[in-house]
$ cat my_file_22.tsv   # TSV, C-alpha atoms and all ligand atoms
chain	number	residue	atom	x	y	z
A	1	MET	CA	12.02	-22.82	10.21
A	2	ASN	CA	11.80	-20.00	12.77
A	3	LYS	CA	8.13	-19.40	13.55
A	4	ARG	CA	8.20	-15.84	14.91
A	5	VAL	CA	6.84	-12.83	13.05
A	6	TYR	CA	7.40	-9.34	14.47
A	7	VAL	CA	4.86	-6.61	13.73
A	8	TYR	CA	6.24	-3.15	14.46
A	9	GLU	CA	4.04	-0.06	14.51
A	10	CYS	CA	5.80	2.53	12.35
A	11	GLY	CA	3.97	5.76	11.57
A	12	SER	CA	6.42	7.17	9.03
A	13	TYR	CA	9.66	6.56	7.13
A	14	ASP	CA	11.69	8.18	9.89
A	15	TYR	CA	15.24	6.92	9.33
A	16	LYS	CA	16.36	6.82	12.98
A	17	ASN	CA	13.21	5.01	14.08
A	18	LEU	CA	13.66	2.45	11.31
A	19	ILE	CA	17.28	1.80	12.34
A	20	GLU	CA	16.08	1.23	15.92
A	21	ILE	CA	13.46	-1.27	14.70
A	22	PHE	CA	15.95	-3.26	12.64
A	23	SER	CA	18.68	-3.15	15.29
A	24	GLU	CA	16.22	-4.39	17.91
A	25	TYR	CA	15.02	-7.20	15.66
A	26	PHE	CA	18.54	-8.34	14.75
A	27	LYS	CA	19.50	-8.31	18.46
A	28	LYS	CA	16.39	-10.19	19.61
A	29	GLU	CA	16.84	-12.85	16.95
A	30	GLY	CA	20.61	-13.10	17.55
A	31	CYS	CA	21.52	-12.46	13.90
A	32	GLU	CA	25.24	-13.13	13.34
A	33	MET	CA	26.47	-10.68	10.70
A	34	GLU	CA	30.11	-9.94	11.53
A	35	GLY	CA	32.20	-10.17	8.35
A	36	ARG	CA	29.39	-11.79	6.37
A	37	LYS	CA	28.26	-10.74	2.88
A	38	ILE	CA	24.64	-9.63	3.07
A	39	LEU	CA	22.28	-8.83	0.20
A	40	LEU	CA	19.26	-6.55	0.60
A	41	LYS	CA	16.73	-7.47	-2.10
A	42	PRO	CA	14.07	-4.72	-2.35
A	43	ASN	CA	11.12	-4.47	-4.75
A	44	MET	CA	12.57	-2.46	-7.67
A	45	LEU	CA	9.80	-3.19	-10.13
A	46	GLN	CA	10.48	-0.24	-12.41
A	47	ALA	CA	11.80	3.32	-12.41
A	48	HIS	CA	9.27	4.85	-9.98
A	49	ARG	CA	9.72	7.67	-7.49
A	50	PRO	CA	9.49	6.58	-3.81
A	51	SER	CA	6.40	8.79	-3.37
A	52	GLU	CA	4.47	6.58	-5.83
A	53	ASN	CA	4.65	3.67	-3.35
A	54	VAL	CA	5.23	1.11	-6.10
A	55	THR	CA	8.67	0.04	-4.85
A	56	THR	CA	10.23	-0.52	-1.42
A	57	HIS	CA	10.81	2.86	0.22
A	58	PRO	CA	14.53	3.79	0.12
A	59	GLU	CA	14.55	4.91	3.77
A	60	VAL	CA	13.58	1.37	4.79
A	61	VAL	CA	16.37	-0.10	2.68
A	62	LYS	CA	18.90	2.49	3.86
A	63	ALA	CA	18.02	1.91	7.53
A	64	ALA	CA	18.31	-1.87	7.08
A	65	ALA	CA	21.71	-1.38	5.41
A	66	ALA	CA	22.86	0.86	8.28
A	67	ALA	CA	21.68	-1.70	10.88
A	68	VAL	CA	23.46	-4.51	9.01
A	69	MET	CA	26.69	-2.47	8.86
A	70	LYS	CA	26.39	-1.63	12.56
A	71	ASN	CA	26.40	-5.39	13.16
A	72	GLY	CA	29.58	-5.81	11.13
A	73	GLY	CA	27.90	-7.08	7.94
A	74	ILE	CA	29.21	-6.30	4.44
A	75	CYS	CA	26.10	-4.99	2.74
A	76	SER	CA	24.97	-4.76	-0.92
A	77	ILE	CA	21.63	-3.95	-2.52
A	78	GLY	CA	20.57	-5.92	-5.60
A	79	ASP	CA	17.64	-6.58	-7.91
A	80	SER	CA	16.48	-6.75	-11.53
A	81	PRO	CA	13.52	-4.63	-12.64
A	82	SER	CA	10.89	-5.38	-15.25
A	83	GLY	CA	12.32	-4.94	-18.77
A	84	ARG	CA	15.69	-5.68	-20.28
A	85	GLY	CA	19.28	-4.51	-19.95
A	86	ARG	CA	21.71	-2.80	-17.65
A	87	LEU	CA	20.72	0.76	-18.64
A	88	ASN	CA	17.09	0.05	-17.79
A	89	ALA	CA	18.20	-1.36	-14.41
A	90	GLU	CA	20.44	1.66	-13.69
A	91	SER	CA	17.63	4.05	-14.40
A	92	ALA	CA	15.30	2.08	-12.06
A	93	ALA	CA	17.89	1.91	-9.28
A	94	GLU	CA	18.45	5.69	-9.53
A	95	LYS	CA	14.80	6.73	-9.64
A	96	CYS	CA	13.78	4.35	-6.82
A	97	GLY	CA	16.45	5.98	-4.63
A	98	PHE	CA	18.65	2.88	-4.21
A	99	LEU	CA	21.76	4.26	-5.91
A	100	LYS	CA	21.71	7.26	-3.61
A	101	ILE	CA	21.82	4.87	-0.63
A	102	CYS	CA	24.84	3.15	-2.19
A	103	ARG	CA	26.58	6.52	-2.60
A	104	ASP	CA	25.65	7.69	0.93
A	105	LEU	CA	26.76	4.49	2.66
A	106	ASN	CA	29.55	3.57	0.23
A	107	ILE	CA	28.10	0.15	-0.61
A	108	ASP	CA	27.59	-1.69	-3.91
A	109	PHE	CA	24.52	-2.12	-6.06
A	110	ASP	CA	24.45	-5.62	-7.57
A	111	TYR	CA	22.80	-5.56	-11.01
A	112	PHE	CA	21.34	-8.97	-11.74
A	113	ASP	CA	20.98	-7.99	-15.41
A	114	GLY	CA	23.86	-8.53	-17.82
A	115	GLN	CA	25.97	-10.87	-15.67
A	116	GLN	CA	26.90	-14.54	-15.91
A	117	LEU	CA	24.00	-16.91	-15.21
A	118	ARG	CA	23.91	-20.20	-13.33
A	119	GLN	CA	21.43	-22.94	-14.16
A	120	VAL	CA	19.72	-24.18	-11.01
A	121	ASP	CA	17.64	-27.39	-10.95
A	122	ILE	CA	14.27	-27.21	-9.23
A	123	LYS	CA	13.52	-30.50	-7.51
A	124	ASN	CA	9.80	-31.25	-7.59
A	125	GLY	CA	9.15	-28.16	-9.73
A	126	ARG	CA	5.59	-28.15	-11.04
A	127	ILE	CA	5.98	-25.64	-13.88
A	128	PHE	CA	9.76	-25.15	-13.98
A	129	LYS	CA	12.36	-27.89	-13.57
A	130	LYS	CA	15.27	-25.46	-13.86
A	131	VAL	CA	15.90	-21.73	-13.86
A	132	LEU	CA	18.72	-19.37	-14.84
A	133	LEU	CA	19.84	-17.08	-12.00
A	134	PRO	CA	22.59	-14.45	-11.69
A	135	GLU	CA	25.89	-15.92	-10.51
A	136	SER	CA	26.51	-13.14	-7.95
A	137	TYR	CA	23.36	-14.08	-6.01
A	138	PHE	CA	25.16	-17.20	-4.80
A	139	SER	CA	28.08	-15.23	-3.38
A	140	TYR	CA	26.08	-13.91	-0.39
A	141	ASP	CA	26.03	-15.46	3.08
A	142	ILE	CA	22.70	-13.90	4.08
A	143	ILE	CA	19.75	-12.76	1.93
A	144	ILE	CA	17.36	-10.16	3.33
A	145	ASN	CA	14.21	-9.97	1.24
A	146	MET	CA	12.61	-6.49	1.37
A	147	PRO	CA	9.21	-6.47	-0.39
A	148	LYS	CA	6.59	-3.72	-0.48
A	149	LEU	CA	3.03	-4.56	0.59
A	150	LYS	CA	0.86	-4.15	-2.52
A	151	THR	CA	-2.23	-5.64	-4.04
A	152	HIS	CA	-1.88	-7.38	-7.41
A	153	SER	CA	-4.70	-7.95	-9.87
A	154	LEU	CA	-3.37	-11.40	-10.85
A	155	THR	CA	-1.97	-12.73	-7.58
A	156	VAL	CA	-4.16	-10.78	-5.06
A	157	PHE	CA	-1.05	-9.53	-3.22
A	158	THR	CA	2.60	-9.12	-4.06
A	159	LEU	CA	4.61	-9.74	-0.89
A	160	GLY	CA	7.70	-11.64	0.24
A	161	ILE	CA	7.49	-14.81	-1.82
A	162	LYS	CA	6.63	-13.07	-5.09
A	163	ASN	CA	9.33	-10.44	-4.49
A	164	MET	CA	11.94	-13.10	-5.18
A	165	LEU	CA	10.89	-13.12	-8.86
A	166	GLY	CA	13.04	-9.99	-9.14
A	167	VAL	CA	16.15	-12.17	-8.83
A	168	VAL	CA	15.39	-13.56	-12.31
A	169	PRO	CA	17.11	-11.21	-14.75
A	170	GLY	CA	15.22	-9.07	-17.25
A	171	LEU	CA	12.68	-10.65	-19.54
A	172	GLY	CA	13.22	-14.06	-17.89
A	173	LYS	CA	10.45	-12.90	-15.55
A	174	THR	CA	8.00	-12.72	-18.45
A	175	GLU	CA	8.61	-16.43	-19.09
A	176	PHE	CA	6.92	-17.18	-15.76
A	177	HIS	CA	3.73	-15.59	-17.10
A	178	ARG	CA	4.08	-17.18	-20.51
A	179	ARG	CA	4.41	-20.70	-19.07
A	180	ALA	CA	1.78	-20.24	-16.34
A	181	LEU	CA	-1.27	-18.34	-17.57
A	182	HIS	CA	-3.82	-19.30	-14.89
A	183	PRO	CA	-3.40	-17.64	-11.45
A	184	ASP	CA	-3.05	-21.09	-9.87
A	185	SER	CA	-0.32	-22.18	-12.30
A	186	PHE	CA	1.45	-18.87	-11.85
A	187	ALA	CA	1.42	-19.41	-8.08
A	188	ASP	CA	2.99	-22.83	-8.68
A	189	ALA	CA	5.66	-21.26	-10.88
A	190	ILE	CA	6.47	-18.66	-8.20
A	191	CYS	CA	6.67	-21.41	-5.56
A	192	ASP	CA	9.00	-23.41	-7.87
A	193	LEU	CA	11.34	-20.43	-7.97
A	194	PHE	CA	11.04	-19.66	-4.27
A	195	SER	CA	12.01	-23.24	-3.41
A	196	VAL	CA	15.55	-22.50	-4.67
A	197	LEU	CA	15.75	-18.91	-3.40
A	198	ILE	CA	14.43	-19.03	0.18
A	199	PRO	CA	15.76	-15.87	1.90
A	200	ASP	CA	17.09	-15.76	5.46
A	201	TYR	CA	14.90	-12.83	6.52
A	202	THR	CA	11.95	-10.95	5.09
A	203	ILE	CA	11.35	-7.31	6.02
A	204	LEU	CA	8.03	-6.09	4.65
A	205	ASP	CA	7.52	-2.37	4.01
A	206	ALA	CA	3.89	-1.86	5.01
A	207	VAL	CA	4.27	1.72	6.25
A	208	GLU	CA	2.65	3.13	3.12
A	209	ALA	CA	1.14	0.17	1.27
A	210	MET	CA	-0.94	-0.11	-1.92
A	211	GLU	CA	-4.60	-1.17	-1.99
A	212	GLY	CA	-7.16	-1.64	-4.80
A	213	ALA	CA	-6.08	-2.24	-8.37
A	214	GLY	CA	-2.35	-2.92	-7.84
A	215	PRO	CA	0.48	-3.52	-8.65
A	216	VAL	CA	1.07	-0.02	-10.09
A	217	THR	CA	-2.10	2.05	-10.24
A	218	GLY	CA	-3.62	1.13	-6.86
A	219	LYS	CA	-4.05	3.72	-4.11
A	220	THR	CA	-1.74	4.41	-1.19
A	221	LYS	CA	-2.92	2.94	2.11
A	222	LYS	CA	-1.10	3.95	5.28
A	223	LEU	CA	-0.88	0.71	7.24
A	224	LYS	CA	1.99	2.08	9.37
A	225	LYS	CA	3.71	-1.26	9.89
A	226	ILE	CA	7.00	-3.03	9.38
A	227	ILE	CA	6.64	-6.82	9.46
A	228	ILE	CA	9.73	-9.01	9.89
A	229	GLY	CA	10.41	-12.71	10.11
A	230	LYS	CA	12.61	-15.53	8.93
A	231	ASP	CA	9.67	-17.35	7.36
A	232	SER	CA	8.56	-15.33	4.34
A	233	ASN	CA	5.22	-17.12	4.06
A	234	ALA	CA	4.43	-16.35	7.70
A	235	VAL	CA	5.26	-12.67	7.08
A	236	ASP	CA	3.00	-12.70	3.99
A	237	SER	CA	0.15	-14.44	5.82
A	238	THR	CA	0.38	-11.91	8.66
A	239	ALA	CA	0.21	-9.03	6.18
A	240	GLU	CA	-2.79	-10.57	4.42
A	241	ARG	CA	-4.67	-10.93	7.72
A	242	ILE	CA	-3.88	-7.31	8.60
A	243	CYS	CA	-5.41	-6.35	5.23
A	244	GLY	CA	-8.57	-8.30	6.11
A	245	ALA	CA	-7.80	-11.08	3.60
A	246	ASP	CA	-7.86	-14.83	4.10
A	247	PRO	CA	-4.48	-16.43	3.21
A	248	LEU	CA	-6.45	-19.43	1.91
A	249	LYS	CA	-7.70	-17.17	-0.90
A	250	VAL	CA	-4.20	-16.08	-1.91
A	251	PRO	CA	-2.86	-18.80	-4.23
A	252	ILE	CA	0.87	-18.17	-3.67
A	253	THR	CA	0.44	-18.25	0.11
A	254	TYR	CA	-1.62	-21.43	0.43
A	255	LYS	CA	0.40	-23.27	-2.21
A	256	ALA	CA	3.67	-22.34	-0.47
A	257	ALA	CA	2.25	-23.65	2.82
A	258	LYS	CA	1.06	-26.86	1.17
A	259	ARG	CA	4.48	-27.42	-0.40
A	260	GLY	CA	6.32	-26.92	2.91
A	261	LEU	CA	7.86	-23.60	1.86
A	262	GLY	CA	6.68	-21.69	4.94
A	263	GLU	CA	3.87	-21.47	7.45
A	264	MET	CA	0.44	-19.98	6.82
A	265	GLU	CA	-0.69	-20.44	10.42
A	266	GLY	CA	0.56	-21.76	13.77
A	267	TYR	CA	3.38	-19.24	14.09
A	268	GLU	CA	3.89	-16.71	16.90
A	269	VAL	CA	3.18	-13.03	16.27
A	270	ILE	CA	5.22	-10.62	18.40
A	271	GLY	CA	3.90	-7.09	18.81
A	272	ASN	CA	0.33	-5.87	18.86
A	273	ARG	CA	-2.51	-8.36	18.27
A	274	ILE	CA	-3.41	-8.53	14.57
A	275	VAL	CA	-6.43	-6.35	13.85
A	276	ALA	CA	-7.86	-6.88	10.38
A	277	ASP	CA	-8.50	-3.67	8.44
A	278	GLU	CA	-11.83	-4.56	6.85
A	279	ASN	CA	-11.74	-1.31	4.84
A	280	PHE	CA	-8.59	-2.35	3.00
A	281	LYS	CA	-9.57	-2.53	-0.67
A	282	LYS	CA	-8.73	-5.92	-2.20
A	283	PRO	CA	-7.90	-6.09	-5.90
A	284	PRO	CA	-10.59	-7.05	-8.43
A	285	GLY	CA	-11.07	-10.83	-8.57
A	286	TYR	CA	-9.96	-11.43	-4.96
A	287	THR	CA	-12.89	-13.68	-4.10
A	288	ILE	CA	-13.20	-16.11	-7.00
A	289	ALA	CA	-10.65	-15.55	-9.77
A	290	HIS	CA	-8.38	-18.45	-8.83
A	291	LYS	CA	-11.34	-20.83	-8.43
A	292	ILE	CA	-12.39	-20.61	-12.07
A	293	PRO	CA	-11.36	-23.90	-13.75
A	294	LYS	CA	-8.61	-23.45	-16.31
A	295	LYS	CA	-10.77	-24.76	-19.16
A	296	LEU	CA	-13.50	-22.23	-18.43
A	297	LEU	CA	-11.18	-19.30	-17.92
A	298	SER	CA	-11.01	-18.14	-21.53
A	299	ILE	CA	-14.81	-18.27	-21.98
A	300	LEU	CA	-15.73	-16.72	-18.64
A	301	SER	CA	-13.06	-14.10	-18.93
A	302	LEU	CA	-15.03	-12.54	-21.79
A	303	PHE	CA	-17.54	-11.38	-19.18
A	304	TYR	CA	-15.92	-11.69	-15.77
A	305	GLY	CA	-12.72	-10.39	-14.29
A	306	HIS	CA	-10.57	-7.36	-14.90
A	307	VAL	CA	-8.57	-6.20	-17.86
A	308	PRO	CA	-5.85	-3.66	-18.55
A	309	SER	CA	-7.13	-0.23	-19.42
A	310	LEU	CA	-5.18	2.63	-20.92
A	311	SER	CA	-4.96	6.25	-19.85
A	312	LYS	CA	-4.29	8.04	-23.15
A	313	ARG	CA	-3.53	11.16	-21.17
A	314	LYS	CA	-0.48	9.46	-19.61
A	315	CYS	CA	0.67	7.22	-22.50
A	316	ILE	CA	3.77	8.40	-24.40
A	317	GLY	CA	3.66	5.63	-27.05
A	318	CYS	CA	6.99	4.06	-26.03
A	319	ARG	CA	5.83	0.46	-26.80
A	320	LYS	CA	7.46	-1.02	-23.70
A	321	CYS	CA	4.15	-2.71	-22.84
A	322	PHE	CA	4.13	-4.35	-26.29
A	323	ASN	CA	7.64	-5.77	-25.79
A	324	VAL	CA	6.85	-7.33	-22.42
A	325	CYS	CA	3.41	-8.89	-23.10
A	326	PRO	CA	3.83	-12.69	-22.91
A	327	SER	CA	0.57	-13.38	-24.80
A	328	ASP	CA	0.90	-11.17	-27.88
A	329	ALA	CA	-2.23	-9.40	-26.68
A	330	ILE	CA	-1.00	-5.88	-27.46
A	331	SER	CA	-0.85	-4.26	-30.88
A	332	PHE	CA	-0.21	-0.76	-32.18
A	333	SER	CA	-2.24	0.45	-35.09
A	334	VAL	CA	-1.47	4.11	-34.35
A	335	PHE	CA	0.19	5.83	-31.40
A	336	TYR	CA	-1.53	3.98	-28.54
A	337	PRO	CA	-1.53	0.30	-27.57
A	338	GLU	CA	-4.65	-1.76	-28.11
A	339	PHE	CA	-5.43	-4.79	-25.94
A	340	ASN	CA	-6.81	-8.00	-27.42
A	341	ILE	CA	-8.90	-9.09	-24.45
A	342	ARG	CA	-9.42	-12.63	-25.82
A	343	LYS	CA	-5.67	-13.20	-25.78
A	344	CYS	CA	-4.95	-11.26	-22.56
A	345	THR	CA	-4.17	-13.47	-19.54
A	346	LYS	CA	-4.38	-10.59	-17.01
A	347	CYS	CA	-0.78	-10.93	-15.92
A	348	PHE	CA	-0.39	-7.12	-15.78
A	349	CYS	CA	3.24	-7.28	-16.91
A	350	CYS	CA	2.29	-4.38	-19.19
A	351	ALA	CA	1.20	-2.28	-16.20
A	352	GLU	CA	4.37	-3.19	-14.32
A	353	ARG	CA	6.54	-2.26	-17.32
A	354	CYS	CA	4.84	1.00	-18.24
A	355	PRO	CA	7.12	3.88	-17.22
A	356	GLU	CA	4.20	6.35	-17.09
A	357	SER	CA	1.75	4.27	-14.99
A	358	ALA	CA	-0.60	4.63	-17.98
A	359	ILE	CA	-2.09	1.12	-17.67
A	360	GLY	CA	-4.68	0.58	-14.98
A	361	VAL	CA	-7.25	-2.11	-14.23
A	362	LYS	CA	-10.85	-2.08	-15.44
A	363	LYS	CA	-13.57	-4.43	-14.17
A	364	LYS	CA	-15.78	-6.22	-16.70
A	365	LEU	CA	-19.55	-6.12	-16.50
A	366	LEU	CA	-20.10	-9.28	-14.37
A	367	SER	CA	-17.35	-8.24	-11.99
A	368	ARG	CA	-18.90	-4.83	-11.55
A	369	ILE	CA	-22.15	-6.52	-10.59
A	370	THR	CA	-20.75	-9.24	-8.33
A	371	THR	CA	-17.87	-7.57	-6.49
B	1	LIG	S1	0.98	2.28	-22.20
B	1	LIG	FE1	2.89	2.76	-21.16
B	1	LIG	S2	4.36	1.26	-21.92
B	1	LIG	FE2	2.62	1.24	-23.32
B	1	LIG	S3	3.14	2.69	-24.95
B	1	LIG	FE3	1.97	3.84	-23.42
B	1	LIG	S4	3.52	4.71	-22.06
B	1	LIG	FE4	4.55	3.08	-23.22
B	2	LIG	S1	-2.06	-7.23	-22.30
B	2	LIG	FE1	-1.00	-6.86	-20.35
B	2	LIG	S2	-2.20	-8.03	-18.87
B	2	LIG	FE2	-2.76	-8.80	-20.89
B	2	LIG	S3	-1.40	-10.54	-21.24
B	2	LIG	FE3	-0.42	-8.74	-22.15
B	2	LIG	S4	0.93	-7.97	-20.55
B	2	LIG	FE4	-0.51	-9.37	-19.56

$ encode --input "my_file_22.tsv" --output "structure tokens" --more "lines below"
Ligand code: SF4
Ligand code: SF4
Amino acid sequence: MNKRVYVYECGSYDYKNLIEIFSEYFKKEGCEMEGRKILLKPNMLQAHRPSENVTTHPEVVKAAAAAVMKNGGICSIGDSPSGRGRLNAESAAEKCGFLKICRDLNIDFDYFDGQQLRQVDIKNGRIFKKVLLPESYFSYDIIINMPKLKTHSLTVFTLGIKNMLGVVPGLGKTEFHRRALHPDSFADAICDLFSVLIPDYTILDAVEAMEGAGPVTGKTKKLKKIIIGKDSNAVDSTAERICGADPLKVPITYKAAKRGLGEMEGYEVIGNRIVADENFKKPPGYTIAHKIPKKLLSILSLFYGHVPSLSKRKCIGCRKCFNVCPSDAISFSVFYPEFNIRKCTKCFCCAERCPESAIGVKKKLLSRITT
């Protein structure tokens, strides 16, 4: 695998500057695109406005599409958001700004929801031995993965490797949480999937990132960077170091490295020397959550860790959180959801699904004392 990661300083989402960055990268790496079908796979978690910094910024995706087309590539954008159905996906693609790009550049949006599925075997899968994926995904010659740099209260970060979970249509994503409750098992499940979906390039939007209690209600952090490479794990590791985190403490990253799915170290960084931002706020549980043995997790989690917490001011009582919870940990006695903390596995699917960003992250007593 190519061992170069490019770190570009990028102060804003200026479209022309972004096109220059991508054109320069494609030229330096000799990317052959003429006449080839190319998929841009952004983070389209849910219907969020670009200003919320939950999803990949549309100017980044649009500039990448323009650079691909300049190189003769036939470009499409595609993804599946949290939740079920084509209508849900259309509303996400519109609100995130991706459909406008398609209209402006006259390119297609590929909805992974509601199309024919192909069963793919996962050799050496630890949690999954097979997975159902949208047929159209296999029609592309080149896949460009376009994640957003965000913290995640279950996985520490959500970056390039985890972004590929969006290829799994609709509620199939929830099955990953249902079958892999512990952060370590979930990392294995994500690596299982990634082993059959390795993209050709990863372009990480770290211009305006998310820190703290991600993946939805964290705070915007201007890191002012675009990070690009062919090795998604090397891109992720670089981003983690820039955020002052140790890739060894990020289960998806170290497991991917251990399984030969990408490098965690020993690759070349092109651009400015990596300077760790020690002020970057990690999510709750960064230091020890994944080290808690599985058998102890349910007992310790009564006192330690972080749990979903509701903002009644924002909640509209739509019950989407209830439908997506893989652990039956949400009930409705009246208008608002109630969380059964004993059953909750801290996957934060509910927070990802909530259209009003009404579900945040609350630290439990021991966590407040120790972190
Ligand atoms: S918390 Fe969010 S998803 Fe759940 S009912 Fe309220 S608005 Fe809907
Ligand atoms: S309540 Fe939310 S965080 Fe807890 S298991 Fe259900 S979806 Fe996951």

$ residues_near_ligand --input "my_file_22.tsv" --ligand "ligand LIG 2 (chain B)" --cutoff "6 Å" --atoms "only C-alpha atoms and all ligand atoms" --output "number ranges by chain"
A: 308, 325-327, 329-330, 339, 344-350

$ residues_near_ligand --input "my_file_22.tsv" --ligand "ligand LIG 1 (chain B)" --cutoff "10 Å" --atoms "all atoms listed in the file" --output "count of residues only"
36

$ closest_atom_pairs --input "my_file_22.tsv" --of "range 195-245 of chain A" --to "range 269-286 of chain A" --cutoff "8 Å" --atoms "all atoms listed in the file" --output "JSON lines"
{"residue": "A:Glu211", "atom": "CA", "partner": "A:Lys281", "partner_atom": "CA", "distance": 5.3}
{"residue": "A:Gly212", "atom": "CA", "partner": "A:Pro283", "partner_atom": "CA", "distance": 4.6}
{"residue": "A:Ala213", "atom": "CA", "partner": "A:Pro283", "partner_atom": "CA", "distance": 4.9}
{"residue": "A:Gly214", "atom": "CA", "partner": "A:Pro283", "partner_atom": "CA", "distance": 6.7}
{"residue": "A:Lys221", "atom": "CA", "partner": "A:Phe280", "partner_atom": "CA", "distance": 7.8}
{"residue": "A:Thr238", "atom": "CA", "partner": "A:Ile274", "partner_atom": "CA", "distance": 7.8}
{"residue": "A:Arg241", "atom": "CA", "partner": "A:Ala276", "partner_atom": "CA", "distance": 5.8}
{"residue": "A:Ile242", "atom": "CA", "partner": "A:Ala276", "partner_atom": "CA", "distance": 4.4}
{"residue": "A:Cys243", "atom": "CA", "partner": "A:Asp277", "partner_atom": "CA", "distance": 5.2}
{"residue": "A:Gly244", "atom": "CA", "partner": "A:Ala276", "partner_atom": "CA", "distance": 4.6}
{"residue": "A:Ala245", "atom": "CA", "partner": "A:Lys282", "partner_atom": "CA", "distance": 7.8}

$ residues_around --input "my_file_22.tsv" --residues "Phe98 in chain A" --least-positions-apart "2" --cutoff "10 Å" --atoms "only C-alpha atoms" --output "compact mmCIF listing (two decimals) with C-alpha atoms, keeping the file's coordinate frame"
# COMPACT_ATOMS: atom_id res chain seq x y z
CA PRO A 42 14.07 -4.72 -2.35
CA MET A 44 12.57 -2.46 -7.67
CA PRO A 50 9.49 6.58 -3.81
CA THR A 56 10.23 -0.52 -1.42
CA HIS A 57 10.81 2.86 0.22
CA PRO A 58 14.53 3.79 0.12
CA GLU A 59 14.55 4.91 3.77
CA VAL A 61 16.37 -0.10 2.68
CA LYS A 62 18.90 2.49 3.86
CA ILE A 77 21.63 -3.95 -2.52
CA GLY A 78 20.57 -5.92 -5.60
CA GLU A 90 20.44 1.66 -13.69
CA ALA A 92 15.30 2.08 -12.06
CA ALA A 93 17.89 1.91 -9.28
CA GLU A 94 18.45 5.69 -9.53
CA LYS A 95 14.80 6.73 -9.64
CA CYS A 96 13.78 4.35 -6.82
CA LYS A 100 21.71 7.26 -3.61
CA ILE A 101 21.82 4.87 -0.63
CA CYS A 102 24.84 3.15 -2.19
CA ARG A 103 26.58 6.52 -2.60
CA ASP A 104 25.65 7.69 0.93
CA PHE A 109 24.52 -2.12 -6.06

$ closest_residue --input "my_file_22.tsv" --among "A:Leu204, A:Ile198, A:Ile227, A:Ala180" --to "Ile142 in chain A" --atoms "only C-alpha atoms"
A:Ile198

$ residues_near_point --input "my_file_22.tsv" --point "(3.8, 1.9, 13.0)" --cutoff "9 Å" --atoms "all atoms listed in the file" --output "PyMOL selection string"
chain A and resi 7-12+206-207+223-226

$ closest_residue --input "my_file_22.tsv" --among "A:Val54, A:Lys129, A:Asn71, A:Tyr140" --to "Lys27 in chain A" --atoms "only C-alpha atoms"
A:Asn71

$ atom_distance --input "my_file_22.tsv" --atom1 "CA of Asp231 in chain A" --atom2 "CA of Cys75 in chain A"
21.1 Å

$ closest_residue --input "my_file_22.tsv" --among "A:Val167, A:Leu159, A:Met69, A:Leu197" --to "Val235 in chain A" --atoms "all atoms listed in the file"
A:Leu159

$ closest_residue --input "my_file_22.tsv" --among "A:Arg126, A:Gly229, A:Arg259, A:Tyr111" --to "Arg86 in chain A" --atoms "only C-alpha atoms"
A:Tyr111

$ closest_residue --input "my_file_22.tsv" --among "A:Glu135, A:Asp188, A:Asp108, A:Glu263" --to "Pro247 in chain A" --atoms "all atoms listed in the file"
A:Glu263

$ closest_residue --input "my_file_22.tsv" --among "A:Gly262, A:Pro81, A:Pro199, A:Pro169" --to "Asp113 in chain A" --atoms "only C-alpha atoms"
A:Pro169

$ atom_distance --input "my_file_22.tsv" --atom1 "CA of Ile143 in chain A" --atom2 "CA of Val60 in chain A"
15.7 Å

$ atom_distance --input "my_file_22.tsv" --atom1 "CA of Gln119 in chain A" --atom2 "CA of Asp192 in chain A"
13.9 Å

$ residues_around --input "my_file_22.tsv" --residues "Gly73 in chain A" --least-positions-apart "4" --cutoff "7 Å" --atoms "all atoms listed in the file" --output "JSON list (two decimals) with C-alpha atoms, in the coordinates of the input"
[["chain", "number", "residue", "atom", "x", "y", "z"],
["A", 33, "MET", "CA", 26.47, -10.68, 10.70],
["A", 34, "GLU", "CA", 30.11, -9.94, 11.53],
["A", 35, "GLY", "CA", 32.20, -10.17, 8.35],
["A", 36, "ARG", "CA", 29.39, -11.79, 6.37],
["A", 37, "LYS", "CA", 28.26, -10.74, 2.88],
["A", 38, "ILE", "CA", 24.64, -9.63, 3.07],
["A", 68, "VAL", "CA", 23.46, -4.51, 9.01],
["A", 69, "MET", "CA", 26.69, -2.47, 8.86]]
